>>> print(open('final23.cif').read())   # mmCIF, C-alpha atoms and all ligand atoms
data_model
#
loop_
_atom_site.label_atom_id
_atom_site.label_comp_id
_atom_site.auth_asym_id
_atom_site.auth_seq_id
_atom_site.Cartn_x
_atom_site.Cartn_y
_atom_site.Cartn_z
CA MET A 1 0.00 0.00 0.00
CA LYS A 2 1.40 3.40 -0.97
CA LYS A 3 1.17 5.63 2.09
CA SER A 4 1.27 9.42 2.24
CA ILE A 5 4.25 10.96 4.04
CA SER A 6 1.97 12.15 6.87
CA THR A 7 0.89 8.56 7.51
CA PHE A 8 4.42 7.24 7.07
CA LEU A 9 5.78 9.62 9.75
CA LYS A 10 3.34 8.27 12.35
CA HIS A 11 4.13 4.60 11.84
CA PRO A 12 7.80 3.66 11.59
CA THR A 13 10.04 2.39 14.36
CA LYS A 14 7.54 0.34 16.38
CA ASP A 15 9.45 -1.87 18.80
CA ASN A 16 8.14 -5.41 18.33
CA THR A 17 10.35 -6.89 21.06
CA ASN A 18 9.17 -4.56 23.79
CA ARG A 19 5.75 -3.96 22.21
CA SER A 20 6.16 -0.21 22.57
CA ALA A 21 4.96 2.32 20.02
CA ASN A 22 8.40 3.93 20.06
CA PRO A 23 11.87 2.54 19.50
CA PRO A 24 14.21 1.86 22.41
CA VAL A 25 17.13 4.21 22.96
CA THR A 26 20.02 1.84 22.35
CA ARG A 27 23.13 3.22 23.99
CA ALA A 28 25.90 0.95 22.81
CA SER A 29 29.59 1.05 22.17
CA THR A 30 30.08 -2.71 21.89
CA ILE A 31 27.89 -4.67 19.50
CA LEU A 32 28.06 -8.45 19.95
CA PHE A 33 28.33 -11.05 17.17
CA ASN A 34 27.94 -14.82 17.26
CA SER A 35 31.05 -15.52 15.22
CA MET A 36 33.90 -13.86 13.28
CA GLN A 37 32.13 -14.96 10.10
CA GLU A 38 28.95 -13.17 11.11
CA LEU A 39 30.95 -10.03 11.91
CA ALA A 40 32.73 -10.14 8.54
CA GLN A 41 29.44 -10.69 6.66
CA HIS A 42 27.84 -7.82 8.50
CA GLU A 43 30.68 -5.41 7.73
CA LYS A 44 30.42 -6.34 4.06
CA ARG A 45 26.71 -5.48 4.08
CA ILE A 46 27.45 -2.07 5.64
CA LYS A 47 30.09 -1.34 3.00
CA LEU A 48 27.65 -2.19 0.22
CA ASN A 49 24.93 0.01 1.82
CA LYS A 50 22.61 -2.98 2.28
CA LYS A 51 19.70 -2.74 4.73
CA ILE A 52 20.90 -3.36 8.31
CA SER A 53 19.36 -2.90 11.75
CA TYR A 54 22.61 -2.48 13.73
CA TYR A 55 26.20 -1.41 13.06
CA SER A 56 29.35 -3.33 13.97
CA TYR A 57 30.62 -0.70 16.38
CA GLY A 58 28.89 2.04 18.37
CA ARG A 59 30.96 4.76 16.75
CA TYR A 60 28.91 4.41 13.60
CA GLY A 61 25.56 4.48 15.40
CA SER A 62 23.09 2.16 17.08
CA THR A 63 19.69 0.65 16.30
CA THR A 64 18.11 3.99 17.24
CA THR A 65 20.20 6.01 14.79
CA ILE A 66 19.49 3.43 12.08
CA GLU A 67 15.74 3.89 12.68
CA LEU A 68 16.24 7.62 12.11
CA GLU A 69 18.42 7.05 9.04
CA ASN A 70 15.67 4.87 7.54
CA ILE A 71 12.94 7.47 8.12
CA LEU A 72 15.12 10.18 6.55
CA LYS A 73 16.11 7.94 3.64
CA GLU A 74 12.43 7.59 2.81
CA LEU A 75 11.70 11.28 3.33
CA GLU A 76 14.68 12.36 1.21
CA GLN A 77 14.45 9.45 -1.26
CA ALA A 78 18.16 9.08 -0.69
CA TYR A 79 20.73 6.38 -1.35
CA HIS A 80 22.06 6.93 2.16
CA VAL A 81 21.74 9.38 5.05
CA PHE A 82 24.68 10.29 7.29
CA LEU A 83 23.81 11.59 10.76
CA THR A 84 26.01 14.09 12.60
CA GLY A 85 26.04 15.46 16.15
CA THR A 86 25.12 18.97 15.00
CA GLY A 87 23.81 20.40 11.76
CA PHE A 88 27.00 22.28 11.24
CA GLY A 89 28.90 18.99 11.33
CA GLY A 90 26.90 17.88 8.29
CA VAL A 91 28.03 20.93 6.31
CA ALA A 92 31.66 20.34 7.21
CA LEU A 93 31.29 16.62 6.41
CA ALA A 94 30.01 17.39 2.92
CA ILE A 95 32.79 19.83 2.07
CA MET A 96 35.63 17.82 3.56
CA SER A 97 34.43 14.58 1.95
CA VAL A 98 34.53 15.78 -1.64
CA CYS A 99 36.94 18.74 -1.87
CA ARG A 100 40.68 18.35 -2.09
CA PRO A 101 43.66 20.77 -2.32
CA GLY A 102 43.53 22.87 -5.48
CA ASP A 103 39.72 22.64 -5.78
CA GLU A 104 37.35 25.60 -5.81
CA ILE A 105 33.88 25.74 -4.26
CA LEU A 106 31.24 28.16 -5.45
CA VAL A 107 29.26 29.30 -2.45
CA SER A 108 26.02 31.24 -2.43
CA ASP A 109 26.65 34.63 -0.73
CA ASN A 110 23.63 34.19 1.55
CA VAL A 111 24.69 30.97 3.32
CA TYR A 112 24.41 30.57 7.08
CA GLY A 113 27.22 32.58 8.76
CA PRO A 114 29.33 29.68 10.05
CA THR A 115 28.98 27.91 6.66
CA ARG A 116 30.57 31.02 5.22
CA GLU A 117 33.34 30.76 7.79
CA ILE A 118 34.08 27.12 6.91
CA SER A 119 34.12 28.01 3.24
CA GLU A 120 36.18 31.13 3.67
CA ASP A 121 38.54 30.34 6.53
CA LEU A 122 38.76 26.63 7.22
CA VAL A 123 39.10 25.25 3.73
CA LYS A 124 41.79 27.83 2.93
CA GLU A 125 44.01 25.95 5.38
CA PHE A 126 43.67 22.94 3.04
CA SER A 127 44.36 24.97 -0.14
CA ILE A 128 40.71 24.85 -1.21
CA LYS A 129 39.35 28.15 -2.45
CA ALA A 130 35.82 29.42 -1.84
CA ILE A 131 34.33 31.86 -4.31
CA PHE A 132 31.05 33.57 -3.39
CA TYR A 133 28.35 34.23 -5.97
CA ASP A 134 25.35 36.53 -5.99
CA PRO A 135 22.27 34.38 -5.24
CA ASP A 136 20.08 36.83 -7.17
CA ASN A 137 22.14 36.58 -10.35
CA PHE A 138 22.46 33.22 -12.09
CA ASN A 139 24.95 34.65 -14.62
CA ASP A 140 27.31 35.53 -11.79
CA LEU A 141 27.34 31.87 -10.73
CA ARG A 142 27.82 30.70 -14.33
CA ASP A 143 30.69 33.15 -14.94
CA LYS A 144 32.56 32.07 -11.83
CA ILE A 145 32.78 28.40 -12.82
CA SER A 146 36.32 27.33 -13.67
CA LYS A 147 38.07 24.07 -14.46
CA LYS A 148 38.84 23.82 -10.75
CA THR A 149 35.22 24.12 -9.53
CA LYS A 150 34.45 20.97 -7.57
CA MET A 151 31.21 21.83 -5.89
CA ILE A 152 28.40 24.39 -5.84
CA LEU A 153 27.12 25.01 -2.33
CA VAL A 154 23.61 26.46 -2.26
CA GLU A 155 21.39 27.42 0.63
CA ASN A 156 17.76 27.93 -0.34
CA PRO A 157 16.32 30.25 0.72
CA GLY A 158 19.39 32.04 2.07
CA SER A 159 19.88 32.74 5.76
CA ASN A 160 18.37 36.00 7.04
CA THR A 161 17.53 37.50 3.64
CA PHE A 162 15.62 34.55 2.17
CA GLU A 163 16.44 34.86 -1.54
CA PHE A 164 15.16 31.88 -3.57
CA GLN A 165 17.24 30.60 -6.48
CA ASP A 166 16.22 28.81 -9.66
CA LEU A 167 17.44 25.41 -8.52
CA SER A 168 16.97 23.36 -11.69
CA LYS A 169 18.99 25.91 -13.67
CA ILE A 170 21.88 25.39 -11.23
CA ILE A 171 21.55 21.60 -11.48
CA LYS A 172 21.50 21.66 -15.28
CA LEU A 173 24.63 23.79 -15.41
CA ALA A 174 26.44 21.71 -12.79
CA LYS A 175 25.65 18.42 -14.52
CA ARG A 176 26.88 19.78 -17.83
CA LYS A 177 30.17 20.86 -16.21
CA LYS A 178 30.44 17.72 -14.02
CA ILE A 179 30.36 19.72 -10.79
CA LEU A 180 28.95 18.31 -7.54
CA THR A 181 26.03 20.08 -5.90
CA PHE A 182 25.00 20.58 -2.27
CA LEU A 183 21.81 22.14 -0.95
CA ASP A 184 21.18 23.35 2.61
CA ASN A 185 17.46 22.55 2.78
CA THR A 186 16.93 23.33 6.47
CA TRP A 187 14.21 25.92 5.75
CA GLY A 188 12.07 23.79 3.42
CA THR A 189 12.88 20.40 4.93
CA PRO A 190 12.57 17.31 2.68
CA LEU A 191 8.84 17.40 3.40
CA TYR A 192 8.45 20.42 1.12
CA LEU A 193 11.44 20.03 -1.22
CA LYS A 194 13.38 16.90 -2.18
CA PRO A 195 16.79 18.10 -3.38
CA LEU A 196 18.08 14.68 -4.44
CA LYS A 197 15.04 14.13 -6.66
CA LEU A 198 15.74 17.49 -8.23
CA GLY A 199 19.27 16.35 -9.04
CA PHE A 200 21.45 17.60 -6.16
CA ASP A 201 24.17 15.19 -5.03
CA MET A 202 23.85 16.12 -1.37
CA SER A 203 20.84 17.33 0.60
CA PHE A 204 21.53 18.73 4.02
CA THR A 205 19.13 19.56 6.87
CA SER A 206 19.96 20.79 10.35
CA ALA A 207 17.87 18.36 12.41
CA THR A 208 18.20 20.81 15.30
CA LYS A 209 15.49 22.94 13.67
CA TYR A 210 12.08 21.66 12.45
CA PHE A 211 12.98 17.94 12.53
CA SER A 212 13.42 18.01 16.29
CA GLY A 213 10.98 20.89 16.69
CA HIS A 214 11.28 21.25 20.46
CA SER A 215 14.51 23.21 20.95
CA ASP A 216 16.06 20.44 22.99
CA ALA A 217 18.14 18.39 20.56
CA MET A 218 20.90 18.93 18.03
CA GLY A 219 21.81 17.00 14.92
CA GLY A 220 22.46 17.05 11.21
CA SER A 221 21.33 14.93 8.30
CA LEU A 222 23.34 14.66 5.11
CA ALA A 223 21.40 12.69 2.50
CA VAL A 224 23.40 11.64 -0.54
CA ASN A 225 23.01 9.95 -3.91
CA LYS A 226 25.08 6.98 -5.07
CA ASN A 227 27.51 9.27 -6.88
CA VAL A 228 29.09 10.65 -3.68
CA PHE A 229 28.22 7.88 -1.21
CA LYS A 230 31.66 6.23 -1.11
CA LYS A 231 33.55 9.48 -0.65
CA VAL A 232 31.30 10.67 2.17
CA MET A 233 31.35 7.25 3.86
CA PHE A 234 35.17 7.26 3.80
CA PHE A 235 35.40 10.63 5.54
CA TYR A 236 32.47 9.93 7.90
CA LYS A 237 33.98 6.71 9.21
CA LEU A 238 37.48 8.03 9.64
CA SER A 239 36.62 11.37 11.18
CA GLY A 240 34.42 9.98 13.95
CA TYR A 241 31.17 11.78 13.05
CA ARG A 242 28.16 10.36 14.88
CA MET A 243 24.80 11.18 16.41
CA SER A 244 23.97 9.89 19.89
CA ALA A 245 21.05 7.48 20.40
CA ASP A 246 19.34 9.92 22.77
CA GLU A 247 19.48 12.72 20.22
CA ALA A 248 18.25 10.36 17.47
CA TYR A 249 15.30 9.35 19.66
CA LEU A 250 14.28 12.99 20.19
CA ILE A 251 14.54 13.70 16.49
CA ILE A 252 12.41 10.63 15.63
CA ARG A 253 9.82 11.90 18.11
CA GLY A 254 9.91 15.34 16.51
CA LEU A 255 9.53 13.94 13.01
CA ARG A 256 6.21 12.29 13.85
CA THR A 257 4.57 15.73 14.01
CA LEU A 258 6.72 17.55 11.42
CA ASP A 259 3.83 17.81 8.95
CA VAL A 260 1.35 19.08 11.55
CA ARG A 261 3.77 21.58 13.07
CA LEU A 262 4.94 23.01 9.76
CA LYS A 263 1.34 23.55 8.64
CA LYS A 264 0.57 25.44 11.86
CA HIS A 265 3.79 27.51 11.66
CA TYR A 266 2.77 28.51 8.14
CA GLU A 267 -0.84 29.32 9.09
CA ASN A 268 0.30 31.48 12.02
CA THR A 269 2.93 33.17 9.85
CA LYS A 270 0.38 34.15 7.22
CA ILE A 271 -1.79 35.77 9.92
CA VAL A 272 1.18 37.65 11.42
CA ILE A 273 2.42 38.78 7.99
CA ASN A 274 -1.01 40.12 7.21
CA PHE A 275 -0.58 42.40 10.20
CA LEU A 276 3.08 43.28 9.53
CA LYS A 277 2.54 44.27 5.91
CA LYS A 278 0.28 47.14 7.05
CA GLN A 279 2.93 48.63 9.37
CA ASN A 280 4.62 51.69 7.92
CA LYS A 281 7.84 51.19 9.89
CA ILE A 282 8.39 47.92 8.03
CA LYS A 283 9.81 48.50 4.57
CA GLU A 284 9.85 44.90 3.40
CA ILE A 285 9.02 41.38 4.52
CA LEU A 286 11.49 38.81 3.27
CA TYR A 287 9.07 35.88 2.86
CA PRO A 288 7.33 34.37 -0.18
CA TYR A 289 3.91 35.96 0.30
CA LYS A 290 3.46 38.41 -2.61
CA PRO A 291 2.20 36.41 -5.63
CA ASN A 292 3.90 38.61 -8.22
CA SER A 293 7.31 38.71 -6.57
CA LYS A 294 10.35 36.76 -7.77
CA ARG A 295 10.67 35.25 -4.30
CA TYR A 296 7.09 33.91 -4.40
CA LYS A 297 7.35 32.55 -7.94
CA LEU A 298 10.57 30.65 -7.21
CA TRP A 299 9.17 29.32 -3.95
CA LYS A 300 6.00 28.14 -5.68
CA LYS A 301 8.02 26.51 -8.46
CA TYR A 302 9.90 24.20 -6.10
CA TYR A 303 8.25 23.99 -2.66
CA SER A 304 4.99 22.42 -1.52
CA GLY A 305 4.85 24.47 1.70
CA ALA A 306 6.46 27.15 3.84
CA ASN A 307 7.14 27.70 7.53
CA GLY A 308 7.58 30.32 10.25
CA LEU A 309 11.01 31.81 9.54
CA PHE A 310 11.49 35.15 7.78
CA SER A 311 12.94 38.63 8.21
CA ILE A 312 11.52 42.11 8.22
CA VAL A 313 13.39 45.19 7.03
CA ILE A 314 12.76 48.06 9.43
CA LYS A 315 13.41 51.59 8.31
CA SER A 316 14.71 53.83 11.09
CA LYS A 317 17.55 56.30 11.59
CA ASN A 318 17.52 55.36 15.26
CA LYS A 319 19.10 51.92 15.67
CA SER A 320 18.69 51.90 19.43
CA SER A 321 14.90 52.20 19.00
CA VAL A 322 15.04 49.06 16.81
CA ILE A 323 16.98 47.32 19.55
CA LYS A 324 14.30 48.50 21.99
CA PHE A 325 11.63 46.95 19.72
CA VAL A 326 13.46 43.61 19.84
CA ASN A 327 14.17 43.74 23.59
CA SER A 328 10.63 44.68 24.55
CA LEU A 329 8.91 41.73 22.83
CA ARG A 330 7.59 39.44 25.53
CA LEU A 331 6.54 36.36 23.55
CA PHE A 332 9.54 36.30 21.20
CA GLY A 333 12.71 34.97 22.79
CA ILE A 334 16.06 36.37 21.66
CA GLY A 335 17.96 33.34 20.47
CA TYR A 336 19.97 31.88 17.61
CA SER A 337 18.32 28.62 16.70
CA TRP A 338 14.82 28.29 15.23
CA GLY A 339 12.34 25.63 14.13
CA GLY A 340 11.11 24.89 17.66
CA PHE A 341 7.59 25.44 18.99
CA GLU A 342 8.31 28.96 20.20
CA SER A 343 8.53 32.40 18.62
CA LEU A 344 11.94 34.02 18.36
CA VAL A 345 13.50 37.29 17.30
CA LEU A 346 17.03 38.44 16.41
CA LEU A 347 18.49 41.67 15.05
CA GLN A 348 20.91 40.61 12.33
CA ASN A 349 24.20 42.19 11.49
CA LEU A 350 24.98 41.65 7.81
CA ARG A 351 26.68 44.96 7.26
CA ASN A 352 29.87 44.67 9.25
CA GLU A 353 32.37 41.97 9.88
CA THR A 354 32.44 41.04 13.57
CA LYS A 355 34.16 38.37 15.58
CA TYR A 356 31.19 36.10 14.80
CA THR A 357 29.92 37.15 11.41
CA LYS A 358 31.45 37.75 8.01
CA LYS A 359 30.28 40.52 5.76
CA ARG A 360 27.97 39.75 2.84
CA LEU A 361 29.32 40.73 -0.57
CA TYR A 362 26.09 41.09 -2.54
CA PHE A 363 23.31 42.11 -0.20
CA ARG A 364 22.76 45.85 -0.38
CA PHE A 365 20.68 47.84 2.04
CA ASN A 366 20.71 51.41 3.24
CA LYS A 367 22.23 52.68 6.45
CA ASP A 368 18.79 53.31 7.96
CA GLU A 369 17.54 49.79 7.23
CA HIS A 370 17.74 47.03 9.82
CA ILE A 371 17.06 43.34 9.36
CA VAL A 372 15.18 41.60 12.14
CA ARG A 373 14.64 37.87 11.82
CA LEU A 374 11.43 36.44 13.28
CA HIS A 375 10.41 32.87 13.90
CA ILE A 376 6.66 32.49 14.28
CA GLY A 377 5.97 29.70 16.71
CA LEU A 378 2.89 27.69 17.61
CA GLU A 379 1.39 30.24 20.02
CA ASP A 380 -1.95 31.89 19.32
CA PRO A 381 -1.15 34.40 16.53
CA LYS A 382 -3.49 36.99 18.11
CA ASP A 383 -1.18 37.14 21.14
CA LEU A 384 1.88 37.42 18.91
CA ILE A 385 0.30 40.31 17.01
CA ASP A 386 -0.55 42.13 20.26
CA ASP A 387 3.05 41.73 21.37
CA LEU A 388 4.42 43.01 18.04
CA LYS A 389 1.97 45.94 17.95
CA LYS A 390 3.07 47.17 21.37
CA SER A 391 6.80 46.83 20.65
CA LEU A 392 6.67 48.34 17.14
CA SER A 393 5.51 51.58 18.76
CA TYR A 394 9.01 52.01 20.21
CA ILE A 395 10.61 52.38 16.80
CA ARG A 396 11.53 56.00 16.04
C1 LIG B 1 20.41 27.28 7.47
C2 LIG B 1 21.21 26.63 8.53
N1 LIG B 1 22.08 25.68 8.20
C3 LIG B 1 22.84 25.06 9.13
C4 LIG B 1 22.75 25.39 10.46
C5 LIG B 1 23.62 24.68 11.46
O1 LIG B 1 22.88 23.80 12.24
P1 LIG B 1 23.21 23.47 13.77
O2 LIG B 1 22.87 24.67 14.57
O3 LIG B 1 22.36 22.29 14.04
O4 LIG B 1 24.67 23.15 13.86
C6 LIG B 1 21.86 26.39 10.85
C7 LIG B 1 21.75 26.78 12.27
O5 LIG B 1 21.20 27.80 12.62
C8 LIG B 1 21.08 27.02 9.87
O6 LIG B 1 20.21 28.00 10.18
#
>>> encode(input="final23.cif", output="structure tokens")
Amino acid sequence: MKKSISTFLKHPTKDNTNRSANPPVTRASTILFNSMQELAQHEKRIKLNKKISYYSYGRYGSTTTIELENILKELEQAYHVFLTGTGFGGVALAIMSVCRPGDEILVSDNVYGPTREISEDLVKEFSIKAIFYDPDNFNDLRDKISKKTKMILVENPGSNTFEFQDLSKIIKLAKRKKILTFLDNTWGTPLYLKPLKLGFDMSFTSATKYFSGHSDAMGGSLAVNKNVFKKVMFFYKLSGYRMSADEAYLIIRGLRTLDVRLKKHYENTKIVINFLKKQNKIKEILYPYKPNSKRYKLWKKYYSGANGLFSIVIKSKNKSSVIKFVNSLRLFGIGYSWGGFESLVLLQNLRNETKYTKKRLYFRFNKDEHIVRLHIGLEDPKDLIDDLKKSLSYIR
């Protein structure tokens, strides 16, 4: 029977031994075998990416992480899924698995800050060069391809400014030039966009965000096609990447309600945006909500849904009043991560280079414009609007 993804997410991982509706948390370093022959056979199956229910050593995972891998394999329609202890680990795993000294990576200018740091600072130490392209200009990407380009690293939509790119154009170009492709799909999740089906070699999601959904777990998922499987497996095994069984359990629990939560985040967001778009202190809302906009059209072309994360551009010559707006919100916590049940807010700094953030090359905004990122949670949107209304009055 062909099941819908919503049904599928409610049913996997039943524990037939213990008769529980959820899988056990298997904390294991040592895995026991009946004979050396059985051990050898099992390791061969792992190498060939055959279906298994346990690994040969706890470093590679346990029955609980395999349950999660299997759910994500189905969701991503992937050849294999590698789990990491944080999302960021998954980004590093992808780059370090396929790039070697002398290679170049083309990186979308709007990637998550630390992804920019890996691309700019870390890989330089290994003689790999990152070149940033303008996410709003496909020709810029095309013109920057050289004989050394190994990989195109895309984040869609981009962090904080939420530009959407024409993904199949990128794939077509990359395939023609034999360049590997990576997509950070944390915003859309594989529920709303399946990057591997579209032709990407690697599809990454920070499981810390909507997968877990409760702001209490961290993890990363790197789904790959057959083309890069061996290379990623080599680096994964030898660099000690892993997700703990406890974390995997929490992420499995989160995934059961991913569809329901995302729908509600989107519903609440539409209600809040309807209020925000009428506020004269807000110059722009960086979210696919205006049917004639480029952002909306590209979102509609590739995604089957949206969520609660977007930014607003506030126009004010008085930055401290914008900070006061952020600080005075009572239902929006000030915090970095997102994708949990709760509403969040953060004033972003894209203009200057700081100890923590690199400067964007292609995003232009005026001195009196400030980007505030909001995450609309699962609260009653009427309460969120009341909170925003009160705090917006502080902006001068
Ligand atoms: C788009 C995006 N990619 C990757 C990451 C990294 O994930 P993690 O925080 O799980 O390391 C984040 C975290 O905020 C993110 O927003």
>>> closest_residue(input="final23.cif", among="A:Leu346, A:Met218, A:Ile52, A:Met202", to="ligand LIG 1 (chain B)", atoms="all atoms listed in the file")
A:Met218
>>> residues_near_ligand(input="final23.cif", ligand="ligand LIG 1 (chain B)", cutoff="6 Å", atoms="all atoms listed in the file", output="JSON, numbers by chain")
{"A": [86, 87, 88, 112, 159, 186, 206, 208, 218, 219, 220, 337]}
>>> closest_residue(input="final23.cif", among="A:Asn227, A:Ser316, A:Ser244, A:Ser239", to="Asn366 (chain A)", atoms="all atoms listed in the file")
A:Ser316
>>> closest_residue(input="final23.cif", among="A:Asp140, A:Asp103, A:Asp134, A:Glu284", to="His370 (chain A)", atoms="only C-alpha atoms")
A:Glu284
>>> residues_around(input="final23.cif", residues="Asn185 (chain A)", least_positions_apart="3", cutoff="12 Å", atoms="only C-alpha atoms", output="JSON, numbers by chain")
{"A": [76, 87, 90, 91, 111, 112, 153, 154, 155, 156, 157, 158, 159, 164, 167, 182, 188, 189, 190, 191, 192, 193, 194, 195, 196, 200, 202, 203, 204, 205, 206, 207, 209, 210, 211, 220, 221, 222, 223, 302, 303, 306]}
>>> write_last_selection(input="final23.cif", atoms="C-alpha atoms", output="CSV table (one decimal), in the frame of the given file")
chain,number,residue,atom,x,y,z
A,76,GLU,CA,14.7,12.4,1.2
A,87,GLY,CA,23.8,20.4,11.8
A,90,GLY,CA,26.9,17.9,8.3
A,91,VAL,CA,28.0,20.9,6.3
A,111,VAL,CA,24.7,31.0,3.3
A,112,TYR,CA,24.4,30.6,7.1
A,153,LEU,CA,27.1,25.0,-2.3
A,154,VAL,CA,23.6,26.5,-2.3
A,155,GLU,CA,21.4,27.4,0.6
A,156,ASN,CA,17.8,27.9,-0.3
A,157,PRO,CA,16.3,30.2,0.7
A,158,GLY,CA,19.4,32.0,2.1
A,159,SER,CA,19.9,32.7,5.8
A,164,PHE,CA,15.2,31.9,-3.6
A,167,LEU,CA,17.4,25.4,-8.5
A,182,PHE,CA,25.0,20.6,-2.3
A,188,GLY,CA,12.1,23.8,3.4
A,189,THR,CA,12.9,20.4,4.9
A,190,PRO,CA,12.6,17.3,2.7
A,191,LEU,CA,8.8,17.4,3.4
A,192,TYR,CA,8.4,20.4,1.1
A,193,LEU,CA,11.4,20.0,-1.2
A,194,LYS,CA,13.4,16.9,-2.2
A,195,PRO,CA,16.8,18.1,-3.4
A,196,LEU,CA,18.1,14.7,-4.4
A,200,PHE,CA,21.4,17.6,-6.2
A,202,MET,CA,23.8,16.1,-1.4
A,203,SER,CA,20.8,17.3,0.6
A,204,PHE,CA,21.5,18.7,4.0
A,205,THR,CA,19.1,19.6,6.9
A,206,SER,CA,20.0,20.8,10.4
A,207,ALA,CA,17.9,18.4,12.4
A,209,LYS,CA,15.5,22.9,13.7
A,210,TYR,CA,12.1,21.7,12.4
A,211,PHE,CA,13.0,17.9,12.5
A,220,GLY,CA,22.5,17.0,11.2
A,221,SER,CA,21.3,14.9,8.3
A,222,LEU,CA,23.3,14.7,5.1
A,223,ALA,CA,21.4,12.7,2.5
A,302,TYR,CA,9.9,24.2,-6.1
A,303,TYR,CA,8.2,24.0,-2.7
A,306,ALA,CA,6.5,27.2,3.8
>>> closest_residue(input="final23.cif", among="A:Ile323, A:Met233, A:Ile171, A:Leu72", to="Phe8 (chain A)", atoms="all atoms listed in the file")
A:Leu72
>>> atom_distance(input="final23.cif", atom1="CA of Tyr336 (chain A)", atom2="CA of Asp380 (chain A)")
22.0 Å
>>> atom_distance(input="final23.cif", atom1="CA of Lys390 (chain A)", atom2="CA of Ser311 (chain A)")
18.5 Å
>>> closest_residue(input="final23.cif", among="A:Asn16, A:Ser212, A:Thr149, A:Gln37", to="Arg256 (chain A)", atoms="all atoms listed in the file")
A:Ser212
>>> residues_around(input="final23.cif", residues="Tyr79 (chain A)", least_positions_apart="5", cutoff="10 Å", atoms="only C-alpha atoms", output="list in words")
Asn49, Lys73, Glu74, Leu196, Ala223, Val224, Asn225, Lys226, Asn227, Val228 and Phe229 of chain A
>>> atom_distance(input="final23.cif", atom1="CA of Thr65 (chain A)", atom2="CA of Ala245 (chain A)")
5.9 Å
>>> closest_residue(input="final23.cif", among="A:Lys367, A:Arg360, A:Lys277, A:Arg373", to="Tyr133 (chain A)", atoms="all atoms listed in the file")
A:Arg360
>>> residues_near_point(input="final23.cif", point="(16.4, 35.2, 21.6)", cutoff="8 Å", atoms="only C-alpha atoms", output="list in words")
Phe332, Gly333, Ile334, Gly335, Tyr336, Leu344, Val345 and Leu346 of chain A
>>> residues_around(input="final23.cif", residues="Tyr362 (chain A)", least_positions_apart="2", cutoff="10 Å", atoms="only C-alpha atoms", output="ChimeraX atom specification")
/A:108-110,132-137,359-360,364-365
>>> residues_near_point(input="final23.cif", point="(40.4, 27.9, -5.2)", cutoff="12 Å", atoms="all atoms listed in the file", output="list in words")
Cys99, Arg100, Pro101, Gly102, Asp103, Glu104, Ile105, Leu106, Val107, Ser119, Glu120, Val123, Lys124, Glu125, Phe126, Ser127, Ile128, Lys129, Ala130, Ile131, Phe132, Lys144, Ile145, Ser146, Lys147, Lys148, Thr149, Lys150 and Met151 of chain A
>>> residues_around(input="final23.cif", residues="Leu32 (chain A)", least_positions_apart="2", cutoff="8 Å", atoms="all atoms listed in the file", output="PyMOL selection string")
chain A and resi 30+34+56
>>> write_last_selection(input="final23.cif", atoms="C-alpha atoms", output="compact mmCIF listing (two decimals), in the coordinates of the input")
# COMPACT_ATOMS: atom_id res chain seq x y z
CA THR A 30 30.08 -2.71 21.89
CA ASN A 34 27.94 -14.82 17.26
CA SER A 56 29.35 -3.33 13.97
>>> residues_around(input="final23.cif", residues="Pro288 (chain A)", least_positions_apart="3", cutoff="12 Å", atoms="all atoms listed in the file", output="number ranges by chain")
A: 157, 161-164, 266, 269-270, 273, 284-285, 291-301, 303, 305-311
>>> build_atoms(input="final23.cif", residues="region 356-365 of chain A", atoms="N, CA and C atoms", output="mmCIF file, in the frame of the given file")
data_model
loop_
_atom_site.group_PDB
_atom_site.id
_atom_site.type_symbol
_atom_site.label_atom_id
_atom_site.label_comp_id
_atom_site.auth_asym_id
_atom_site.auth_seq_id
_atom_site.Cartn_x
_atom_site.Cartn_y
_atom_site.Cartn_z
ATOM 1 N N TYR A 356 32.024 37.263 15.070
ATOM 2 C CA TYR A 356 31.190 36.100 14.800
ATOM 3 C C TYR A 356 30.635 36.045 13.393
ATOM 4 N N THR A 357 30.558 37.184 12.732
ATOM 5 C CA THR A 357 29.920 37.150 11.410
ATOM 6 C C THR A 357 30.792 37.789 10.344
ATOM 7 N N LYS A 358 30.746 37.215 9.175
ATOM 8 C CA LYS A 358 31.450 37.750 8.010
ATOM 9 C C LYS A 358 30.514 38.675 7.266
ATOM 10 N N LYS A 359 31.093 39.573 6.505
ATOM 11 C CA LYS A 359 30.280 40.520 5.760
ATOM 12 C C LYS A 359 29.776 39.881 4.462
ATOM 13 N N ARG A 360 28.509 40.168 4.130
ATOM 14 C CA ARG A 360 27.970 39.750 2.840
ATOM 15 C C ARG A 360 28.584 40.581 1.727
ATOM 16 N N LEU A 361 28.755 39.977 0.559
ATOM 17 C CA LEU A 361 29.320 40.730 -0.570
ATOM 18 C C LEU A 361 28.233 41.344 -1.445
ATOM 19 N N TYR A 362 27.063 40.674 -1.524
ATOM 20 C CA TYR A 362 26.090 41.090 -2.540
ATOM 21 C C TYR A 362 24.776 41.629 -1.994
ATOM 22 N N PHE A 363 24.580 41.597 -0.707
ATOM 23 C CA PHE A 363 23.310 42.110 -0.200
ATOM 24 C C PHE A 363 23.454 43.599 0.110
ATOM 25 N N ARG A 364 22.632 44.398 -0.553
ATOM 26 C CA ARG A 364 22.760 45.850 -0.380
ATOM 27 C C ARG A 364 21.527 46.380 0.354
ATOM 28 N N PHE A 365 21.778 47.107 1.426
ATOM 29 C CA PHE A 365 20.680 47.840 2.040
ATOM 30 C C PHE A 365 21.218 49.123 2.649
#
